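K.L.:
Before I ask anything, here is the structure I am working with.
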Amino acid sequence: MHQDTDVVVIGAGFSGLYALHTLRDRMGLDVVACEAAPDVGGTWYWNRYPGARCDIESIHYSYSFDEQLQQEWTWSERYAAQPEILAYLNHVADRYDLRRGYRFGTRVTSMVWDDDTDRWTVGTDTGDAITARFVISGGGNVSIPKQPEFSGLETFAGPVYATHAWPHEDPDLAGKRVGVIGTGASGIQAIPKIAERCGHLTVFQRTPNFATPLRNRPADPDEVAAVKKDYPEVRAASRNSFLGVPYPAPAPSALEASPEERRRRYDEQWDNGGFGIMLATFGDLLFDKDANDTIAEYTRERIRERVTDPAVAELLCPDDHAFGTKRLPMETEYYETYNRDDVELVPVKRNPIEEVTATGVRLADGTSYELDVLVLATGFDAFTGALTRMGIVGRGGVSLNDVWAAGPVSYLGLMTHGFPNLFTITGPGAAVALYNNPLAIEDHVELATRAIGYMIENGHRTMEPEDAAQAAWREELNARAHATLFPQTDSWYMGANIPGKPKVVMMYVGAAAEYRASCAEVVDDGWRGFAFEHAKASV
Ligand code: N01
């Protein structure tokens, strides 16, 4: 089926839903939205593994664009579980009648720019071809799973479940011997819940992670009322805070504080739970290795207190990267899980998983683990995975995959030179992973839709970044990141979790407010760094 429209929106997660609402309901444009899943939710549609929940407080991890929406929705817990977040996104879809804009079960498989017509032709796996003047991708940053590094998965006799695509009907694990591979944020949330349900759990851990307490609890009605009373001010404070959450300001330096003061601050935030441990304690933790060592050692001490077998505790203590330089997972009873008789921790760094066999997992030294069920929590092809699988071909027949072969390039994380009128919401080079996602997404959707509005008002046919602006943005990304400890760690922030993927700075490492200020300056300066071509036709 062929259709011509003003804008194609990709995805029905936080990004796609807000983009569709803005373009269609506020700007009056004709929009076709495509979503691979059968319904709305994006990440929160797919990631329904046991224990899945957000780890930024729900009153902050939600849309801010409509005061009525934020007044009428009330979260039941401090950090909502996946079903409640999905219910929220369903509520948003219903409230703004967004479903009628979607083609569900429709994955974008090609996107080709036509220099003669100045339009994209978007192809899908259902055989649709949609021509559009603009495309907004909300395909997500951690949405495409990483391919397994070991062979034989297809030979395994039992079921293999992946955290990123957990079955809708929760599998019965009672009495089963389950193996979990991966101890990132997903594994760390799922492992305690799986341990409660199965007969025996084997956890295959390659790199121990620093994980700190989440401390979820029912939402406090007084706190909720206080936030709702001043929601716009709370949101403004969030947008001016490093992670997009208004945590208390940190003291400047862990090294200048006395050991007692350090301990007091770490204890306070450890007991409080959440990202305050990294952001509300000391301002130099992510910049100075000696400062970072103080929180790293504090965390290791706390792990040792909670794990009864000292040898297991040591296996769980990270020693190869700085605290917070891999995405900090938040945990609930994670470390205590290893005190159970029916849970075994198997280190696989020096003795890696070589093969999955019909009956379980075999390591390089030949040791085998017999399993009935295998769970993969092995992560994502982050930042670029969704976009590089869309078959994007820009000006002159050049593919995005070729342009990004040595690592992604973009301007503001929003657009890439050679790919006009294609907006990548929280794309590589944007403030994302370190910025509360719903707010980062709102900012970016507003930037993209504002750009579209600007083009229409001014009769511009195409818009794309200038090469020089893009190169300068790359320098800024590198300079910011290299002032911190992040590049010293192999993580998905750097593309380093995928063998062969170029290791580059994938995101804006800085405060949300600084990124917002950079974008505002660009806009106020007449979209500095973007090139426009004038229109013969208008939308
Ligand atoms: O993925 P990860 P994730 N053999 O890449 C291991 C978001 N999220 O799905 O570190 C053995 O962090 C790998 O080991 P190593 C959040 O942004 C949010 O857990 O590469 N192990 C690692 O332990 C998060 O950061 C929430 O050595 C192998 C694990 O698999 C992002 O999603 C919850 C292996 C992958 O960890 C991704 O988290 C969950 C192999 N061959 C996720 N290959 C919230 O709370 C990989 N591993 C909101």
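By convention here, the chains of the structure tokens are called A, B, ... in the order presented, each chain's residues are numbered starting at 1, and ligands are numbered starting at 1 in the order presented.
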Would you name the residues within 7 Å of ligand 1, counting only C-alpha atoms and all ligand atoms, and put them as a ChimeraX atom specification?
P.N.:
/A:52-55,142,148-150,181-187,189,204-207,327,329-330,348,352-353,377-380,433,491-492,497
K.L.:
Do you know which residues are at most 9 Å from Val178 of chain A counting only C-alpha atoms, after dropping those on the same chain fewer than 3 positions away, and could you put them as an NGL selection string?
P.N.:
:A and (173 or 194-195 or 198-203 or 370-375)
K.L.:
Got a sec: who's within 10 Å of Gln71 of chain A, counting only C-alpha atoms, leaving out chain neighbours fewer than 3 positions off, as a PyMOL selection string?
P.N.:
chain A and resi 64+66-68+74+224-225+227-229+231
K.L.:
With only C-alpha atoms as the counted atoms, please give the residues lying no more than 6 Å from Thr155 of chain A, apart from itself and same-chain residues fewer than 2 positions off, as JSON, numbers by chain.
P.N.:
{"A": [152, 153, 357, 358]}
K.L.:
Take the residues just selected and output them with C-alpha atoms as a CSV table (one decimal), in the first residue's frame.
P.N.:
chain,number,residue,atom,x,y,z
A,152,GLY,CA,24.7,-23.2,20.1
A,153,LEU,CA,21.7,-21.3,21.5
A,357,THR,CA,24.4,-27.2,24.4
A,358,ALA,CA,21.1,-29.1,24.3
K.L.:
Could you give me, as a PyMOL selection string, each residue of segment 46-228 of chain A that DSSP assigns to strand (DSSP E) when run on this structure's backbone?
P.N.:
chain A and resi 102-103+108-114+119-124+129-137+160-162+177-181+200-205+212-213
K.L.:
Using only C-alpha atoms, find the one residue out of A:Tyr338, A:Trp120, A:Trp527, A:Tyr266 that sits nearest to Ile191 of chain A.
P.N.:
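Looking at the shortest contact to Ile191 of chain A, the residue is A:Tyr338.
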K.L.:
For each of A:Cys317, A:Ala33, A:Val122, A:Val92, take the minimum atom-to-atom distance to His2 of chain A, counting only C-alpha atoms, then give the residue where this is smallest.
P.N.:
A:Val122
K.L.:
Please determine, counting only C-alpha atoms, which residue among A:Val245, A:Val393, A:Ala174, A:Ile498 has the shortest atom-to-atom distance to Pro438 of chain A.
P.N.:
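Of the candidates, the smallest distance to Pro438 of chain A is held by A:Val245.
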K.L.:
Extract the full set of helix (DSSP H, G or I) residues from segment 249-488 of chain A according to DSSP on the backbone, and format it as a PyMOL selection string.
P.N.:
chain A and resi 259-272+276-279+289-306+310-316+334-337+385-388+395-397+400-403+437-458+467-482+486-488
K.L.:
Of the residues A:Leu345, A:Ile441, A:Ile303, A:Leu89, which is the one nearest to Thr424 of chain A, using only C-alpha atoms?
P.N.:
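Counting only C-alpha atoms, the residue closest to Thr424 of chain A is A:Ile441.
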